[in-house]
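Below is one structure, written out as structure tokens, with a few remarks after it.
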2 protein chains.
Amino acid sequence: MKLSQRKIELQLRHPFTIARGTSIVDPVVIVELEHEGIVGLGEAAPSSRYGESIESVQKFLSRLDLRPFESPFDIQLIRTHLDSLSQGDYSAKAAVDIALWDWVGKKLNAPLYKVWGVDRRSTPRTSFTIGIDTPEKIEEKVHEAEEFPILKIKLGGEEDELTMRTIRSVTMKTLRVDANEGWKRKELAVEKIKWLEQEGVEFVEQPMPANDLAAIAWVRERVNLPLIADENCVRLHDVPNLQHAFDGINIKLMKCTGPTEALAMIHAARACGMKIMMGCMIETSIAITAAAQLSPLIDYADLDGHVLITNDPYVGVQIQKGKLILPEGPGLGVTPRT
Amino acid sequence: MKLSQRKIELQLRHPFTIARGTSIVDPVVIVELEHEGIVGLGEAAPSSRYGESIESVQKFLSRLDLRPFESPFDIQLIRTHLDSLSQGDYSAKAAVDIALWDWVGKKLNAPLYKVWGVDRRSTPRTSFTIGIDTPEKIEEKVHEAEEFPILKIKLGGEEDELTMRTIRSVTMKTLRVDANEGWKRKELAVEKIKWLEQEGVEFVEQPMPANDLAAIAWVRERVNLPLIADENCVRLHDVPNLQHAFDGINIKLMKCTGPTEALAMIHAARACGMKIMMGCMIETSIAITAAAQLSPLIDYADLDGHVLITNDPYVGVQIQKGKLILPEGPGLGVTPRT
């Protein structure tokens, strides 16, 4: 097994602002895992929220030695090895896991949805994310998102009312709100969520900082909108501990170390009676398609990372009126854009 | 897709007694799912504990119409359909699910452990079950079980002390105890478990009736041996609700409707920090091998159902000094015994 990596810069369609900051390009690391002439593709989109950077990904991957393993079918052993190397490095581990599964699907000559026994027709519609911006820019973005029936709005700051008013002035589409831990007081969070309920919002993601789970549980008792855990829900073991504070979880491959654990989290959340969302970072079609292959098992998709960039080097999952359309090719079904 | 079924009578090596009764032959239903010239094998071993019988299995399967589905890859859709037909019928549903996965593995030309990304070398050692019997018969059985390093003892009745004394007089092997809901008073259960602790027992399965979970939680607070849920743990949604009363769960394909849900339960139990056991009924190598293909993910195996019979029509997983050895063939890797 030979693992190679390269950094690429993704050009954002719009400068992207959430509660934590603004960016115009986003780098990711693309991974190629070669074995027996078959190449599995993977991708790491590190998040500073979890102490990761392009450098930390590159370091993790360049130190990784897969020679002791027989083949990419050794997913269980390789994943145990990855977790023995460090506590974090979620996105680097996700890159390896995605590449392993892409290889397995290609080797078996079957798309991953078939390998995983999921129904390609049951994919959900994805939301399209509108970043924090000026009213003019927001209007422009809403128009660009015309074909998406569901929008996701980034709130969590001083401009919440203005942002919402601007959006509602141009569209009555279903809205989902991501506060990205932005509301710091529980009374404020309750007030905001009750207001959003009036605005026809479907659910609210991570209203308050992840380190105050008790406050979020307090908020939940006082509001009607479902609360979805994002920053609070990183890996499998987090899931049962969120039942009292959230109605659902947002699984991201870049947090949970890849599709293997994402699938486990889907099952754990179902067992707990929680709703399941899958989200993403700014990512190419590699990582987005990996998540999309699992999406027939979930309730809400927010898999638009590849739509938010202008230079996606790959083609994979397509979007038709918001609905995720899985590719038919083996593995991820992702090919280089020609 | 064409589904056929036939009933076969499994001859027990010894009349088999647990707290609920005694039997000498055990019937099961073998299922064959044919599509595109490939045959997937499945098996239902119904349990009266869950209101099932050979007749109920045959009725469920003969009414099942798989014609609306495209291929056995439609596992997600077919399972949703199965559950829409009835609340129970766990073993009949398991037969279909096993056959679907066997077909998928054969179609992909890969053993299921590869399809599921699990490590064939990480299979656990299985215990060998000693039923309730006379001291002479128990001695005989223990000798027969010579190659198994772990024995599972069925207790839960008047003869517990005698049974244990008899076994300990002939072997000092690791023992696991299954009380099959046999102890009806919580004080009695605590007393029994504290005594078993002295006898070098590893864990106790289902000490008390499943309908009194509060009593089991009460018992658990007063003993040191891990308690494993069997009758209390049927399907996925049961798992998180058992955390306060049990240390682990016993997953059986015949309770949980097959390997798809078994895998989900494994993940849910891991998320909850619970131990995972897989058990079985009296079954042929078809169902035992299906469970064994998942066993690299679990802590304790009790997959000896095919060893307890003399006329297993199939060959699949092998046992070497207790360790489960997975077959290399595609799908389950099960073939007719020649």
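In the structure tokens, the first chain shown is A, the next is B, and so on; residue numbers restart at 1 for each chain, and ligands run from 1 in the order shown.
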What are the coordinates of chain B as a CSV table (one decimal) with C-alpha atoms, in the first residue's frame following a least-squares fit to chain A on all in-order C-alpha atoms?
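Contents of part.csv, freshly written:
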chain,number,residue,atom,x,y,z
B,1,MET,CA,0.0,0.0,0.0
B,2,LYS,CA,1.4,3.4,-1.1
B,3,LEU,CA,0.0,6.6,0.3
B,4,SER,CA,0.7,9.9,-1.3
B,5,GLN,CA,-0.6,13.3,-0.4
B,6,ARG,CA,-0.8,16.8,-2.0
B,7,LYS,CA,-2.2,20.1,-0.8
B,8,ILE,CA,-4.6,22.0,-3.0
B,9,GLU,CA,-6.1,25.4,-2.6
B,10,LEU,CA,-9.9,25.6,-3.0
B,11,GLN,CA,-11.1,28.9,-4.3
B,12,LEU,CA,-14.3,30.0,-2.5
B,13,ARG,CA,-17.2,31.3,-4.6
B,14,HIS,CA,-17.7,34.0,-1.9
B,15,PRO,CA,-15.6,35.0,1.1
B,16,PHE,CA,-17.0,32.8,3.8
B,17,THR,CA,-17.9,34.1,7.2
B,18,ILE,CA,-19.1,32.2,10.2
B,19,ALA,CA,-19.0,33.2,13.9
B,20,ARG,CA,-15.3,32.3,14.1
B,21,GLY,CA,-13.9,34.2,11.1
B,22,THR,CA,-13.7,34.9,7.4
B,23,SER,CA,-11.8,33.1,4.6
B,24,ILE,CA,-11.4,33.4,0.8
B,25,VAL,CA,-9.4,30.3,-0.1
B,26,ASP,CA,-9.4,27.0,1.8
B,27,PRO,CA,-6.7,24.5,1.5
B,28,VAL,CA,-7.3,20.7,1.7
B,29,VAL,CA,-5.1,17.7,1.4
B,30,ILE,CA,-5.9,15.1,-1.2
B,31,VAL,CA,-4.7,11.5,-0.6
B,32,GLU,CA,-4.1,8.7,-3.0
B,33,LEU,CA,-3.8,5.2,-1.7
B,34,GLU,CA,-2.4,2.8,-4.3
B,35,HIS,CA,-2.4,-1.0,-4.0
B,36,GLU,CA,-2.5,-3.7,-6.7
B,37,GLY,CA,-2.8,-1.0,-9.3
B,38,ILE,CA,-6.0,0.5,-7.8
B,39,VAL,CA,-6.1,4.0,-6.4
B,40,GLY,CA,-8.4,5.0,-3.6
B,41,LEU,CA,-9.0,8.7,-3.2
B,42,GLY,CA,-9.3,10.5,0.2
B,43,GLU,CA,-9.4,14.1,1.4
B,44,ALA,CA,-8.6,16.0,4.6
B,45,ALA,CA,-10.2,19.3,5.3
B,46,PRO,CA,-8.8,20.3,8.7
B,47,SER,CA,-10.5,22.5,11.1
B,48,SER,CA,-8.8,24.9,13.5
B,49,ARG,CA,-11.7,24.3,15.9
B,50,TYR,CA,-10.2,20.9,16.6
B,51,GLY,CA,-6.6,22.1,16.7
B,52,GLU,CA,-5.9,20.9,13.1
B,53,SER,CA,-4.2,22.6,10.2
B,54,ILE,CA,-2.9,21.7,6.8
B,55,GLU,CA,0.5,21.3,8.4
B,56,SER,CA,-0.8,18.9,11.1
B,57,VAL,CA,-2.5,16.8,8.4
B,58,GLN,CA,0.6,16.6,6.3
B,59,LYS,CA,2.7,15.7,9.3
B,60,PHE,CA,0.3,12.9,10.4
B,61,LEU,CA,0.1,11.5,6.9
B,62,SER,CA,3.8,11.7,6.1
B,63,ARG,CA,4.6,9.7,9.3
B,64,LEU,CA,2.0,7.1,8.6
B,65,ASP,CA,3.4,3.7,7.7
B,66,LEU,CA,0.8,1.3,6.2
B,67,ARG,CA,3.4,-1.3,5.2
B,68,PRO,CA,2.6,-3.6,8.1
B,69,PHE,CA,-0.9,-4.1,6.6
B,70,GLU,CA,-1.9,-6.6,4.0
B,71,SER,CA,-4.4,-4.6,2.0
B,72,PRO,CA,-6.9,-1.8,2.2
B,73,PHE,CA,-9.5,-4.4,3.3
B,74,ASP,CA,-7.8,-4.3,6.7
B,75,ILE,CA,-9.9,-1.3,7.6
B,76,GLN,CA,-10.6,-2.4,11.2
B,77,LEU,CA,-6.9,-2.9,11.9
B,78,ILE,CA,-5.8,0.2,10.1
B,79,ARG,CA,-8.3,2.4,12.0
B,80,THR,CA,-7.2,0.9,15.3
B,81,HIS,CA,-3.6,1.8,14.3
B,82,LEU,CA,-4.6,5.4,13.3
B,83,ASP,CA,-6.3,6.0,16.6
B,84,SER,CA,-3.2,4.6,18.5
B,85,LEU,CA,-1.1,7.3,16.9
B,86,SER,CA,-2.9,10.3,18.3
B,87,GLN,CA,-6.0,11.6,20.0
B,88,GLY,CA,-7.0,14.1,17.4
B,89,ASP,CA,-6.0,14.4,13.7
B,90,TYR,CA,-9.6,13.7,12.8
B,91,SER,CA,-9.4,15.0,9.2
B,92,ALA,CA,-6.2,13.2,8.4
B,93,LYS,CA,-7.7,9.9,9.7
B,94,ALA,CA,-10.8,10.6,7.6
B,95,ALA,CA,-8.7,11.1,4.5
B,96,VAL,CA,-7.2,7.6,5.0
B,97,ASP,CA,-10.6,6.0,5.8
B,98,ILE,CA,-12.2,7.5,2.8
B,99,ALA,CA,-9.3,6.3,0.6
B,100,LEU,CA,-9.6,2.8,2.1
B,101,TRP,CA,-13.3,2.6,1.3
B,102,ASP,CA,-12.8,4.0,-2.2
B,103,TRP,CA,-10.2,1.4,-2.8
B,104,VAL,CA,-12.5,-1.4,-1.5
B,105,GLY,CA,-15.4,-0.3,-3.6
B,106,LYS,CA,-13.2,-0.1,-6.7
B,107,LYS,CA,-11.7,-3.5,-5.9
B,108,LEU,CA,-15.2,-5.0,-5.5
B,109,ASN,CA,-16.2,-3.1,-8.6
B,110,ALA,CA,-19.3,-1.7,-6.8
B,111,PRO,CA,-20.4,1.8,-5.7
B,112,LEU,CA,-20.1,2.2,-2.0
B,113,TYR,CA,-23.9,2.5,-1.5
B,114,LYS,CA,-24.1,-1.1,-2.7
B,115,VAL,CA,-21.3,-2.3,-0.5
B,116,TRP,CA,-23.0,-0.6,2.5
B,117,GLY,CA,-26.5,-1.9,1.5
B,118,VAL,CA,-28.1,1.5,1.3
B,119,ASP,CA,-30.6,2.7,-1.2
B,120,ARG,CA,-29.3,5.2,-3.6
B,121,ARG,CA,-32.8,6.6,-4.3
B,122,SER,CA,-33.3,7.5,-0.7
B,123,THR,CA,-30.8,10.3,-0.6
B,124,PRO,CA,-32.1,13.5,1.1
B,125,ARG,CA,-32.1,17.0,-0.3
B,126,THR,CA,-29.1,19.0,0.8
B,127,SER,CA,-29.3,22.5,2.1
B,128,PHE,CA,-27.2,25.3,0.7
B,129,THR,CA,-25.3,27.4,3.1
B,130,ILE,CA,-25.4,31.2,3.2
B,131,GLY,CA,-22.5,32.7,5.1
B,132,ILE,CA,-22.7,35.9,7.2
B,133,ASP,CA,-22.4,38.8,4.9
B,134,THR,CA,-23.7,42.3,3.9
B,135,PRO,CA,-27.4,42.5,3.0
B,136,GLU,CA,-26.4,43.0,-0.7
B,137,LYS,CA,-24.2,40.0,-0.8
B,138,ILE,CA,-26.7,37.8,1.1
B,139,GLU,CA,-29.4,38.7,-1.5
B,140,GLU,CA,-27.0,37.8,-4.3
B,141,LYS,CA,-26.2,34.4,-2.6
B,142,VAL,CA,-29.9,33.6,-2.1
B,143,HIS,CA,-30.5,34.2,-5.8
B,144,GLU,CA,-27.5,32.0,-6.7
B,145,ALA,CA,-29.0,29.3,-4.5
B,146,GLU,CA,-32.2,29.3,-6.5
B,147,GLU,CA,-32.3,25.6,-7.2
B,148,PHE,CA,-31.9,24.6,-3.6
B,149,PRO,CA,-35.2,24.3,-1.7
B,150,ILE,CA,-33.5,24.5,1.7
B,151,LEU,CA,-31.1,27.1,2.9
B,152,LYS,CA,-28.8,27.0,5.9
B,153,ILE,CA,-28.0,30.3,7.5
B,154,LYS,CA,-25.0,31.1,9.7
B,155,LEU,CA,-26.1,33.1,12.6
B,156,GLY,CA,-24.6,33.6,16.1
B,157,GLY,CA,-23.5,37.2,16.1
B,158,GLU,CA,-24.6,40.8,16.3
B,159,GLU,CA,-26.1,40.8,12.8
B,160,ASP,CA,-28.6,37.9,13.3
B,161,GLU,CA,-31.8,40.1,13.0
B,162,LEU,CA,-30.4,41.9,9.9
B,163,THR,CA,-29.3,38.7,8.3
B,164,MET,CA,-32.7,37.0,8.8
B,165,ARG,CA,-34.6,40.1,7.7
B,166,THR,CA,-32.6,40.2,4.5
B,167,ILE,CA,-33.1,36.6,3.7
B,168,ARG,CA,-36.8,36.6,4.5
B,169,SER,CA,-37.2,39.7,2.3
B,170,VAL,CA,-36.0,37.6,-0.7
B,171,THR,CA,-37.2,34.0,0.0
B,172,MET,CA,-39.7,32.0,2.0
B,173,LYS,CA,-37.7,28.8,1.6
B,174,THR,CA,-37.2,26.3,4.5
B,175,LEU,CA,-34.4,27.7,6.6
B,176,ARG,CA,-32.0,25.9,8.9
B,177,VAL,CA,-29.9,27.9,11.3
B,178,ASP,CA,-26.3,27.2,12.4
B,179,ALA,CA,-25.3,29.3,15.4
B,180,ASN,CA,-21.8,27.8,15.6
B,181,GLU,CA,-21.7,28.3,19.4
B,182,GLY,CA,-22.3,32.0,18.8
B,183,TRP,CA,-24.8,32.7,21.5
B,184,LYS,CA,-23.0,32.9,24.8
B,185,ARG,CA,-25.8,33.3,27.4
B,186,LYS,CA,-28.6,30.7,27.7
B,187,GLU,CA,-31.3,33.3,28.1
B,188,LEU,CA,-30.1,34.9,24.8
B,189,ALA,CA,-30.1,31.5,23.1
B,190,VAL,CA,-33.7,30.9,24.2
B,191,GLU,CA,-34.8,34.3,23.0
B,192,LYS,CA,-33.1,33.8,19.6
B,193,ILE,CA,-34.6,30.3,19.1
B,194,LYS,CA,-38.1,31.4,20.0
B,195,TRP,CA,-37.7,34.2,17.5
B,196,LEU,CA,-36.4,31.8,14.8
B,197,GLU,CA,-39.4,29.6,15.4
B,198,GLN,CA,-41.6,32.5,14.3
B,199,GLU,CA,-39.4,32.9,11.2
B,200,GLY,CA,-40.2,29.4,10.0
B,201,VAL,CA,-36.8,27.8,10.8
B,202,GLU,CA,-36.7,24.0,10.8
B,203,PHE,CA,-33.9,23.5,13.4
B,204,VAL,CA,-31.0,25.2,15.1
B,205,GLU,CA,-27.5,23.8,15.1
B,206,GLN,CA,-25.2,24.3,18.1
B,207,PRO,CA,-26.8,27.3,19.7
B,208,MET,CA,-24.2,27.7,22.5
B,209,PRO,CA,-20.6,26.7,23.2
B,210,ALA,CA,-19.9,23.0,23.3
B,211,ASN,CA,-18.3,23.2,26.7
B,212,ASP,CA,-21.6,24.2,28.4
B,213,LEU,CA,-23.8,21.2,27.7
B,214,ALA,CA,-25.9,21.9,30.8
B,215,ALA,CA,-26.8,25.3,29.4
B,216,ILE,CA,-27.9,23.7,26.1
B,217,ALA,CA,-30.0,21.2,28.0
B,218,TRP,CA,-31.6,24.1,29.9
B,219,VAL,CA,-32.3,25.9,26.6
B,220,ARG,CA,-33.8,22.8,25.0
B,221,GLU,CA,-36.4,22.5,27.8
B,222,ARG,CA,-37.6,26.0,26.9
B,223,VAL,CA,-37.8,25.9,23.1
B,224,ASN,CA,-39.7,23.9,20.5
B,225,LEU,CA,-37.3,23.9,17.6
B,226,PRO,CA,-35.1,20.8,17.4
B,227,LEU,CA,-31.5,21.4,18.5
B,228,ILE,CA,-28.7,19.6,16.5
B,229,ALA,CA,-25.3,19.1,18.0
B,230,ASP,CA,-22.3,20.0,15.8
B,231,GLU,CA,-19.3,21.1,17.9
B,232,ASN,CA,-20.6,18.9,20.7
B,233,CYS,CA,-20.7,15.8,18.5
B,234,VAL,CA,-17.3,14.8,17.3
B,235,ARG,CA,-17.0,11.0,17.5
B,236,LEU,CA,-19.0,7.9,18.3
B,237,HIS,CA,-18.7,8.0,22.1
B,238,ASP,CA,-20.2,11.5,22.2
B,239,VAL,CA,-23.6,10.3,20.8
B,240,PRO,CA,-25.3,8.8,23.9
B,241,ASN,CA,-24.2,11.7,26.1
B,242,LEU,CA,-26.0,14.3,24.0
B,243,GLN,CA,-29.5,12.7,24.3
B,244,HIS,CA,-30.6,15.0,27.1
B,245,ALA,CA,-29.4,18.3,25.5
B,246,PHE,CA,-30.0,17.8,21.7
B,247,ASP,CA,-32.6,16.3,19.4
B,248,GLY,CA,-30.1,15.3,16.8
B,249,ILE,CA,-26.5,15.2,15.8
B,250,ASN,CA,-24.5,16.6,12.8
B,251,ILE,CA,-22.0,14.1,11.7
B,252,LYS,CA,-19.0,15.3,9.6
B,253,LEU,CA,-16.5,13.0,8.2
B,254,MET,CA,-13.7,15.5,9.1
B,255,LYS,CA,-14.7,15.3,12.8
B,256,CYS,CA,-15.5,11.7,13.1
B,257,THR,CA,-12.4,10.2,11.3
B,258,GLY,CA,-14.3,9.0,8.2
B,259,PRO,CA,-17.2,7.0,6.8
B,260,THR,CA,-16.6,3.9,9.0
B,261,GLU,CA,-17.2,5.8,12.2
B,262,ALA,CA,-19.9,8.0,10.6
B,263,LEU,CA,-21.9,4.8,9.9
B,264,ALA,CA,-21.4,3.7,13.5
B,265,MET,CA,-22.7,7.1,14.7
B,266,ILE,CA,-25.7,6.9,12.4
B,267,HIS,CA,-26.6,3.6,14.1
B,268,ALA,CA,-25.9,4.9,17.6
B,269,ALA,CA,-28.0,8.0,17.0
B,270,ARG,CA,-30.9,5.9,15.7
B,271,ALA,CA,-30.7,3.7,18.7
B,272,CYS,CA,-30.9,6.8,20.9
B,273,GLY,CA,-33.9,8.1,18.9
B,274,MET,CA,-32.0,11.1,17.7
B,275,LYS,CA,-32.2,12.8,14.3
B,276,ILE,CA,-29.2,12.6,12.0
B,277,MET,CA,-27.7,15.3,9.9
B,278,MET,CA,-24.5,15.1,7.9
B,279,GLY,CA,-22.5,18.2,7.3
B,280,CYS,CA,-19.2,19.1,5.7
B,281,MET,CA,-16.4,21.6,5.6
B,282,ILE,CA,-15.2,23.3,2.4
B,283,GLU,CA,-14.3,20.2,0.5
B,284,THR,CA,-13.9,18.8,-3.0
B,285,SER,CA,-16.3,16.2,-4.5
B,286,ILE,CA,-14.1,13.4,-2.9
B,287,ALA,CA,-15.2,14.0,0.7
B,288,ILE,CA,-18.7,15.3,-0.2
B,289,THR,CA,-19.4,12.2,-2.2
B,290,ALA,CA,-18.1,10.0,0.6
B,291,ALA,CA,-20.7,11.5,2.9
B,292,ALA,CA,-23.4,11.4,0.3
B,293,GLN,CA,-22.9,7.6,-0.1
B,294,LEU,CA,-24.2,7.3,3.5
B,295,SER,CA,-26.9,10.0,3.2
B,296,PRO,CA,-29.7,7.6,2.4
B,297,LEU,CA,-29.5,6.7,6.1
B,298,ILE,CA,-29.9,10.2,7.4
B,299,ASP,CA,-32.6,12.9,7.9
B,300,TYR,CA,-30.9,16.1,7.0
B,301,ALA,CA,-28.0,16.7,4.6
B,302,ASP,CA,-25.8,19.8,4.5
B,303,LEU,CA,-23.4,18.6,1.8
B,304,ASP,CA,-22.7,21.6,-0.3
B,305,GLY,CA,-19.0,22.2,0.4
B,306,HIS,CA,-18.1,21.4,-3.2
B,307,VAL,CA,-20.7,23.8,-4.5
B,308,LEU,CA,-19.2,26.7,-2.5
B,309,ILE,CA,-15.9,26.4,-4.5
B,310,THR,CA,-15.0,27.3,-8.1
B,311,ASN,CA,-12.1,24.9,-8.7
B,312,ASP,CA,-13.2,21.4,-7.6
B,313,PRO,CA,-10.7,19.1,-9.3
B,314,TYR,CA,-13.2,16.2,-9.1
B,315,VAL,CA,-16.7,15.2,-10.1
B,316,GLY,CA,-18.8,13.0,-8.0
B,317,VAL,CA,-22.2,13.4,-6.4
B,318,GLN,CA,-24.5,15.7,-8.3
B,319,ILE,CA,-27.3,17.9,-7.0
B,320,GLN,CA,-30.7,18.2,-8.7
B,321,LYS,CA,-33.1,20.7,-7.1
B,322,GLY,CA,-31.2,20.0,-3.9
B,323,LYS,CA,-31.5,16.2,-4.1
B,324,LEU,CA,-28.2,14.3,-3.9
B,325,ILE,CA,-27.7,12.1,-6.9
B,326,LEU,CA,-25.1,9.4,-6.3
B,327,PRO,CA,-22.6,8.5,-9.1
B,328,GLU,CA,-22.8,5.0,-10.5
B,329,GLY,CA,-19.0,4.3,-10.6
B,330,PRO,CA,-17.3,1.9,-8.3
B,331,GLY,CA,-16.1,3.1,-4.8
B,332,LEU,CA,-16.9,6.7,-4.3
B,333,GLY,CA,-17.6,7.1,-8.0
B,334,VAL,CA,-15.5,10.2,-8.1
B,335,THR,CA,-13.4,11.0,-11.2
B,336,PRO,CA,-11.0,13.8,-12.0
B,337,ARG,CA,-12.8,16.8,-13.7
B,338,THR,CA,-11.8,17.0,-17.3
**Request:** Quick one: pick out all alpha helix (DSSP H) residues within range 229-294 of chain B from a backbone DSSP run and write them as a list in words.
**Result:** Leu253, Met254, Lys255, Cys256, Pro259, Thr260, Glu261, Ala262, Leu263, Ala264, Met265, Ile266, His267, Ala268, Ala269, Arg270, Ala271, Ser285, Ile286, Ala287, Ile288, Thr289, Ala290, Ala291, Ala292, Gln293 and Leu294 of chain B
Can you write just those residues out, C-alpha atoms, as an mmCIF file, in the first residue's frame?
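Output file selection04.cif is given in full below:
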data_model
loop_
_atom_site.group_PDB
_atom_site.id
_atom_site.type_symbol
_atom_site.label_atom_id
_atom_site.label_comp_id
_atom_site.auth_asym_id
_atom_site.auth_seq_id
_atom_site.Cartn_x
_atom_site.Cartn_y
_atom_site.Cartn_z
ATOM 1 C CA LEU B 253 -29.306 -12.596 14.735
ATOM 2 C CA MET B 254 -32.573 -14.428 15.455
ATOM 3 C CA LYS B 255 -33.710 -11.664 17.814
ATOM 4 C CA CYS B 256 -32.410 -8.598 16.014
ATOM 5 C CA PRO B 259 -26.637 -8.949 10.443
ATOM 6 C CA THR B 260 -27.635 -5.444 9.270
ATOM 7 C CA GLU B 261 -29.196 -4.607 12.622
ATOM 8 C CA ALA B 262 -26.602 -6.637 14.543
ATOM 9 C CA LEU B 263 -23.924 -4.357 13.110
ATOM 10 C CA ALA B 264 -25.940 -1.305 14.114
ATOM 11 C CA MET B 265 -26.315 -2.695 17.643
ATOM 12 C CA ILE B 266 -22.589 -3.339 17.891
ATOM 13 C CA HIS B 267 -21.964 0.329 17.113
ATOM 14 C CA ALA B 268 -24.682 1.560 19.472
ATOM 15 C CA ALA B 269 -23.338 -0.589 22.307
ATOM 16 C CA ARG B 270 -19.778 0.668 21.677
ATOM 17 C CA ALA B 271 -21.062 4.231 21.775
ATOM 18 C CA SER B 285 -23.562 -23.250 9.908
ATOM 19 C CA ILE B 286 -25.508 -20.715 7.843
ATOM 20 C CA ALA B 287 -26.672 -18.503 10.715
ATOM 21 C CA ILE B 288 -23.647 -19.238 12.912
ATOM 22 C CA THR B 289 -21.290 -18.183 10.123
ATOM 23 C CA ALA B 290 -23.303 -15.014 9.511
ATOM 24 C CA ALA B 291 -22.773 -14.039 13.146
ATOM 25 C CA ALA B 292 -19.137 -15.126 13.045
ATOM 26 C CA GLN B 293 -18.468 -12.755 10.123
ATOM 27 C CA LEU B 294 -19.255 -9.884 12.513
#
**Asked** Residues of range 129-251 of chain A in strand (DSSP E or B) according to DSSP, as a PyMOL selection string?
**Response** chain A and resi 129-130+150-154+174-178+201-205+227-229+248-251
